[in-house]
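Undergrad: Contents of start-v2.cif (mmCIF, C-alpha atoms) are given next:
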```
data_input
#
loop_
_atom_site.label_atom_id
_atom_site.label_comp_id
_atom_site.auth_asym_id
_atom_site.auth_seq_id
_atom_site.Cartn_x
_atom_site.Cartn_y
_atom_site.Cartn_z
CA MET H 1 -39.58 -61.00 26.53
CA THR H 2 -39.79 -62.20 30.02
CA THR H 3 -40.66 -60.22 33.07
CA TYR H 4 -37.10 -60.45 34.29
CA GLN H 5 -35.82 -58.93 31.09
CA TRP H 6 -38.42 -56.17 31.26
CA VAL H 7 -37.42 -55.41 34.85
CA MET H 8 -33.75 -55.33 33.87
CA LEU H 9 -34.53 -53.11 30.92
CA GLY H 10 -36.62 -50.83 33.15
CA LEU H 11 -33.87 -50.74 35.77
CA GLY H 12 -31.28 -49.92 33.10
CA ALA H 13 -33.51 -47.15 31.65
CA LEU H 14 -34.26 -45.88 35.14
CA GLY H 15 -30.52 -45.88 35.97
CA PHE H 16 -29.74 -44.14 32.69
CA LEU H 17 -32.47 -41.58 33.31
CA GLY H 18 -31.44 -41.13 36.95
CA THR H 19 -27.84 -40.58 35.94
CA TRP H 20 -28.87 -37.89 33.48
CA VAL H 21 -31.22 -36.21 35.98
CA LEU H 22 -28.61 -36.38 38.72
CA GLY H 23 -25.96 -35.06 36.26
CA ALA H 24 -28.24 -32.19 35.26
CA PHE H 25 -28.88 -31.42 38.92
CA LYS H 26 -25.14 -31.48 39.69
CA LEU H 27 -24.44 -29.33 36.64
CA GLY H 28 -27.05 -26.80 37.77
CA ARG H 29 -25.60 -26.82 41.26
CA ALA H 30 -22.06 -26.31 39.90
CA VAL H 31 -23.27 -23.42 37.72
CA GLU H 32 -24.99 -21.88 40.74
CA GLN H 33 -21.78 -22.23 42.80
CA MET H 34 -19.75 -20.60 40.02
CA ARG H 35 -22.30 -17.81 39.81
CA ALA H 36 -22.07 -17.26 43.55
CA ALA H 37 -18.27 -17.27 43.41
CA VAL H 38 -18.27 -14.77 40.52
CA ARG H 39 -20.76 -12.56 42.39
CA GLU H 40 -18.58 -12.70 45.47
CA GLU H 41 -15.47 -11.75 43.46
CA ILE H 42 -17.37 -8.91 41.79
CA ASP H 43 -18.55 -7.68 45.19
CA GLN H 44 -14.98 -7.85 46.54
CA GLU H 45 -13.63 -5.93 43.55
CA ARG H 46 -16.43 -3.39 43.87
CA GLU H 47 -15.53 -2.91 47.54
CA LYS H 48 -11.86 -2.41 46.59
CA VAL H 49 -12.81 0.17 43.94
CA ILE H 50 -15.13 1.97 46.36
CA GLU H 51 -12.34 2.00 48.97
CA LYS H 52 -9.89 3.47 46.46
CA ILE H 53 -12.44 6.08 45.40
CA GLU H 54 -13.04 7.04 49.03
CA ASP H 55 -9.29 7.33 49.61
CA LEU H 56 -8.99 9.53 46.51
CA GLU H 57 -11.89 11.68 47.72
CA LYS H 58 -10.22 12.13 51.10
CA ARG H 59 -6.93 13.02 49.47
CA PHE H 60 -8.67 15.42 47.08
CA ASP H 61 -10.49 17.09 49.98
CA ALA H 62 -7.21 17.49 51.88
CA ASP H 63 -5.49 18.91 48.79
CA GLN H 64 -8.43 21.22 48.18
CA LYS H 65 -8.27 22.53 51.75
CA THR H 66 -4.54 23.14 51.34
CA GLN H 67 -5.12 24.95 48.05
CA ASP H 68 -7.92 27.03 49.58
CA HIS H 69 -5.64 27.97 52.46
CA ASN H 70 -2.78 28.85 50.12
CA PHE H 71 -5.03 30.88 47.85
CA GLY H 72 -6.39 32.67 50.90
CA GLU H 73 -2.81 33.62 51.74
CA VAL H 74 -2.33 34.88 48.18
CA GLY H 75 -5.44 37.02 48.54
CA ALA H 76 -4.22 38.45 51.82
CA ALA H 77 -0.81 39.18 50.29
CA MET H 78 -2.45 40.87 47.29
CA ARG H 79 -4.64 43.01 49.55
CA GLN H 80 -1.56 44.05 51.54
CA TYR H 81 0.37 44.84 48.35
CA ILE H 82 -2.52 46.93 47.02
CA ALA H 83 -2.72 48.81 50.31
CA ASP H 84 1.03 49.47 50.17
CA VAL H 85 0.79 50.71 46.57
CA GLU H 86 -2.14 52.98 47.45
CA LYS H 87 -0.14 54.39 50.36
CA LYS H 88 2.87 55.03 48.08
CA VAL H 89 0.65 56.68 45.44
CA ARG H 90 -0.80 58.92 48.13
CA GLU H 91 2.72 59.86 49.23
CA VAL H 92 3.64 60.69 45.62
CA GLU H 93 0.50 62.80 45.23
CA ILE H 94 1.29 64.73 48.41
CA TYR H 95 4.91 65.21 47.31
CA GLY H 96 3.72 66.47 43.93
CA ARG H 97 1.26 68.80 45.57
CA ASP H 98 3.93 70.22 47.85
CA HIS H 99 6.90 70.36 45.47
CA TYR H 100 5.69 70.93 41.93
CA VAL H 101 4.43 74.15 40.39
CA LYS H 102 0.72 74.73 40.05
CA LYS H 103 -0.72 75.82 36.70
CA ASP H 104 -1.37 79.42 37.70
CA GLU H 105 2.13 79.77 39.11
CA PHE H 106 3.55 78.20 35.95
CA VAL H 107 1.66 80.64 33.70
CA ARG H 108 2.86 83.60 35.78
CA ALA H 109 6.44 82.31 35.66
CA THR H 110 6.38 81.80 31.88
CA ASP H 111 4.82 85.26 31.36
CA SER H 112 7.58 86.78 33.50
CA ILE H 113 10.25 84.88 31.55
CA ARG H 114 8.66 85.98 28.27
CA ALA H 115 8.71 89.63 29.41
CA ASP H 116 12.34 89.31 30.50
CA ILE H 117 13.28 87.78 27.12
CA LYS H 118 11.53 90.65 25.29
CA ALA H 119 13.35 93.20 27.44
CA LEU H 120 16.62 91.40 26.78
CA GLY H 121 15.87 91.39 23.05
CA ALA H 122 15.16 95.13 23.16
CA GLU H 123 18.44 95.75 25.00
CA ILE H 124 20.35 93.66 22.46
CA LYS H 125 18.73 95.65 19.62
CA SER H 126 19.61 98.97 21.17
CA ASP H 127 23.15 97.78 21.84
CA LEU H 128 23.49 96.62 18.23
CA LYS H 129 22.13 99.94 16.93
CA GLY H 130 24.58 101.81 19.15
CA MET H 131 27.44 99.66 17.90
CA GLN H 132 26.29 100.20 14.32
CA LYS H 133 26.31 103.97 14.78
CA GLU H 134 29.75 103.78 16.30
CA LEU H 135 31.03 101.68 13.43
CA ILE H 136 29.49 103.97 10.83
CA GLY H 137 30.71 107.10 12.60
CA LYS H 138 34.34 105.93 12.89
CA PRO H 139 36.50 106.55 9.85
CA SER H 140 38.66 103.60 8.93
#
```
If you convert what's in this file into structure tokens, what do you get?
TA:
Amino acid sequence: MTTYQWVMLGLGALGFLGTWVLGAFKLGRAVEQMRAAVREEIDQEREKVIEKIEDLEKRFDADQKTQDHNFGEVGAAMRQYIADVEKKVREVEIYGRDHYVKKDEFVRATDSIRADIKALGAEIKSDLKGMQKELIGKPS
């Protein structure tokens, strides 16, 4: 082979090798660009998710404050209701104290009624005995 042929063969091999090296370099660069684009998209999506989470947190905090306020109102209403019930119970106790019979008075009253019933029973017996004597003493 002549020198010219060797040079042509070398240039062809060098061109072939250069093409492959340049292709590999371009391929690596394209992969790197895709990686960067994917990273950028991931970062954008992450920012969107973080934004949505922050919005949800703000909304949750606002709802929680509203619920706390409403529950505070429920507590105040319950305290007022309990105070009203206690006041009414106190009124009932005072009414009972003033208007109902005490135990000692009740015992005295029942003893008096019992004595009156016994006296009434004795009177009925004596009346019946008197009527019996009258009926026996009268000839038919």
Undergrad: One decimal, Å: what's the distance from atom CA of Thr2 of chain H over to atom CA of Trp20 of chain H, could you say?
TA: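 Separation of atom CA of Thr2 of chain H and atom CA of Trp20 of chain H: 26.9 Å.
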Undergrad: Work out how far apart atom CA of Gln67 of chain H and atom CA of Glu54 of chain H are and give it in Å to one decimal.
TA: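 Separating atom CA of Gln67 of chain H from atom CA of Glu54 of chain H is a distance of 19.6 Å.
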Undergrad: What is the atom CA of Leu14 of chain H to atom CA of Glu32 of chain H distance in Å?
TA: 26.3 Å
Undergrad: Could you give me the centre and size, in Å to one decimal, of an axis-aligned box around all listed atoms of segment 89-92 of chain H with 8 Å added on every side, as lines of an AutoDock Vina configuration file?
TA:
```
center_x = 1.4
center_y = 58.7
center_z = 47.3
size_x = 20.4
size_y = 20.0
size_z = 19.8
```
Undergrad: Output segment 25-47 of chain H as an mmCIF file, in the coordinates of the input, making sure N, CA, C and O atoms are there.
TA:
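After the write, selection-v8.cif holds the following:
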```
data_model
loop_
_atom_site.group_PDB
_atom_site.id
_atom_site.type_symbol
_atom_site.label_atom_id
_atom_site.label_comp_id
_atom_site.auth_asym_id
_atom_site.auth_seq_id
_atom_site.Cartn_x
_atom_site.Cartn_y
_atom_site.Cartn_z
ATOM 1 N N PHE H 25 -28.776 -32.072 37.629
ATOM 2 C CA PHE H 25 -28.880 -31.420 38.920
ATOM 3 C C PHE H 25 -27.509 -30.952 39.404
ATOM 4 O O PHE H 25 -27.338 -29.825 39.867
ATOM 5 N N LYS H 26 -26.497 -31.825 39.278
ATOM 6 C CA LYS H 26 -25.140 -31.480 39.690
ATOM 7 C C LYS H 26 -24.585 -30.346 38.832
ATOM 8 O O LYS H 26 -23.897 -29.455 39.338
ATOM 9 N N LEU H 27 -24.883 -30.394 37.542
ATOM 10 C CA LEU H 27 -24.440 -29.330 36.640
ATOM 11 C C LEU H 27 -25.077 -27.998 37.037
ATOM 12 O O LEU H 27 -24.403 -26.963 37.096
ATOM 13 N N GLY H 28 -26.362 -28.017 37.324
ATOM 14 C CA GLY H 28 -27.050 -26.800 37.770
ATOM 15 C C GLY H 28 -26.476 -26.272 39.064
ATOM 16 O O GLY H 28 -26.285 -25.066 39.256
ATOM 17 N N ARG H 29 -26.183 -27.208 39.975
ATOM 18 C CA ARG H 29 -25.600 -26.820 41.260
ATOM 19 C C ARG H 29 -24.194 -26.229 41.061
ATOM 20 O O ARG H 29 -23.824 -25.239 41.700
ATOM 21 N N ALA H 30 -23.405 -26.822 40.171
ATOM 22 C CA ALA H 30 -22.060 -26.310 39.900
ATOM 23 C C ALA H 30 -22.131 -24.915 39.273
ATOM 24 O O ALA H 30 -21.357 -24.017 39.629
ATOM 25 N N VAL H 31 -23.092 -24.736 38.349
ATOM 26 C CA VAL H 31 -23.270 -23.420 37.720
ATOM 27 C C VAL H 31 -23.654 -22.392 38.788
ATOM 28 O O VAL H 31 -23.149 -21.265 38.808
ATOM 29 N N GLU H 32 -24.554 -22.788 39.677
ATOM 30 C CA GLU H 32 -24.990 -21.880 40.740
ATOM 31 C C GLU H 32 -23.810 -21.527 41.668
ATOM 32 O O GLU H 32 -23.661 -20.388 42.089
ATOM 33 N N GLN H 33 -22.946 -22.497 41.968
ATOM 34 C CA GLN H 33 -21.780 -22.230 42.800
ATOM 35 C C GLN H 33 -20.804 -21.286 42.092
ATOM 36 O O GLN H 33 -20.234 -20.384 42.704
ATOM 37 N N MET H 34 -20.631 -21.491 40.777
ATOM 38 C CA MET H 34 -19.750 -20.600 40.020
ATOM 39 C C MET H 34 -20.339 -19.186 39.990
ATOM 40 O O MET H 34 -19.611 -18.199 40.132
ATOM 41 N N ARG H 35 -21.639 -19.110 39.811
ATOM 42 C CA ARG H 35 -22.300 -17.810 39.810
ATOM 43 C C ARG H 35 -22.095 -17.094 41.145
ATOM 44 O O ARG H 35 -21.794 -15.901 41.187
ATOM 45 N N ALA H 36 -22.260 -17.838 42.227
ATOM 46 C CA ALA H 36 -22.070 -17.260 43.550
ATOM 47 C C ALA H 36 -20.632 -16.812 43.749
ATOM 48 O O ALA H 36 -20.371 -15.737 44.319
ATOM 49 N N ALA H 37 -19.687 -17.628 43.270
ATOM 50 C CA ALA H 37 -18.270 -17.270 43.410
ATOM 51 C C ALA H 37 -17.954 -16.021 42.591
ATOM 52 O O ALA H 37 -17.244 -15.116 43.064
ATOM 53 N N VAL H 38 -18.501 -15.953 41.370
ATOM 54 C CA VAL H 38 -18.270 -14.770 40.520
ATOM 55 C C VAL H 38 -18.902 -13.541 41.164
ATOM 56 O O VAL H 38 -18.298 -12.460 41.196
ATOM 57 N N ARG H 39 -20.105 -13.690 41.696
ATOM 58 C CA ARG H 39 -20.760 -12.560 42.390
ATOM 59 C C ARG H 39 -19.912 -12.090 43.573
ATOM 60 O O ARG H 39 -19.764 -10.895 43.803
ATOM 61 N N GLU H 40 -19.396 -13.053 44.312
ATOM 62 C CA GLU H 40 -18.580 -12.700 45.470
ATOM 63 C C GLU H 40 -17.315 -11.968 45.042
ATOM 64 O O GLU H 40 -16.932 -10.965 45.651
ATOM 65 N N GLU H 41 -16.675 -12.416 43.969
ATOM 66 C CA GLU H 41 -15.470 -11.750 43.460
ATOM 67 C C GLU H 41 -15.818 -10.344 42.967
ATOM 68 O O GLU H 41 -15.067 -9.394 43.206
ATOM 69 N N ILE H 42 -16.947 -10.235 42.273
ATOM 70 C CA ILE H 42 -17.370 -8.910 41.790
ATOM 71 C C ILE H 42 -17.619 -7.980 42.965
ATOM 72 O O ILE H 42 -17.201 -6.817 42.957
ATOM 73 N N ASP H 43 -18.293 -8.492 44.008
ATOM 74 C CA ASP H 43 -18.550 -7.680 45.190
ATOM 75 C C ASP H 43 -17.244 -7.260 45.866
ATOM 76 O O ASP H 43 -17.101 -6.112 46.304
ATOM 77 N N GLN H 44 -16.275 -8.184 45.930
ATOM 78 C CA GLN H 44 -14.980 -7.850 46.540
ATOM 79 C C GLN H 44 -14.263 -6.772 45.726
ATOM 80 O O GLN H 44 -13.718 -5.816 46.284
ATOM 81 N N GLU H 45 -14.275 -6.934 44.410
ATOM 82 C CA GLU H 45 -13.630 -5.930 43.550
ATOM 83 C C GLU H 45 -14.349 -4.588 43.656
ATOM 84 O O GLU H 45 -13.710 -3.539 43.678
ATOM 85 N N ARG H 46 -15.661 -4.615 43.716
ATOM 86 C CA ARG H 46 -16.430 -3.390 43.870
ATOM 87 C C ARG H 46 -16.064 -2.681 45.175
ATOM 88 O O ARG H 46 -15.886 -1.471 45.209
ATOM 89 N N GLU H 47 -15.924 -3.484 46.250
ATOM 90 C CA GLU H 47 -15.530 -2.910 47.540
ATOM 91 C C GLU H 47 -14.133 -2.283 47.463
ATOM 92 O O GLU H 47 -13.892 -1.215 48.007
#
```
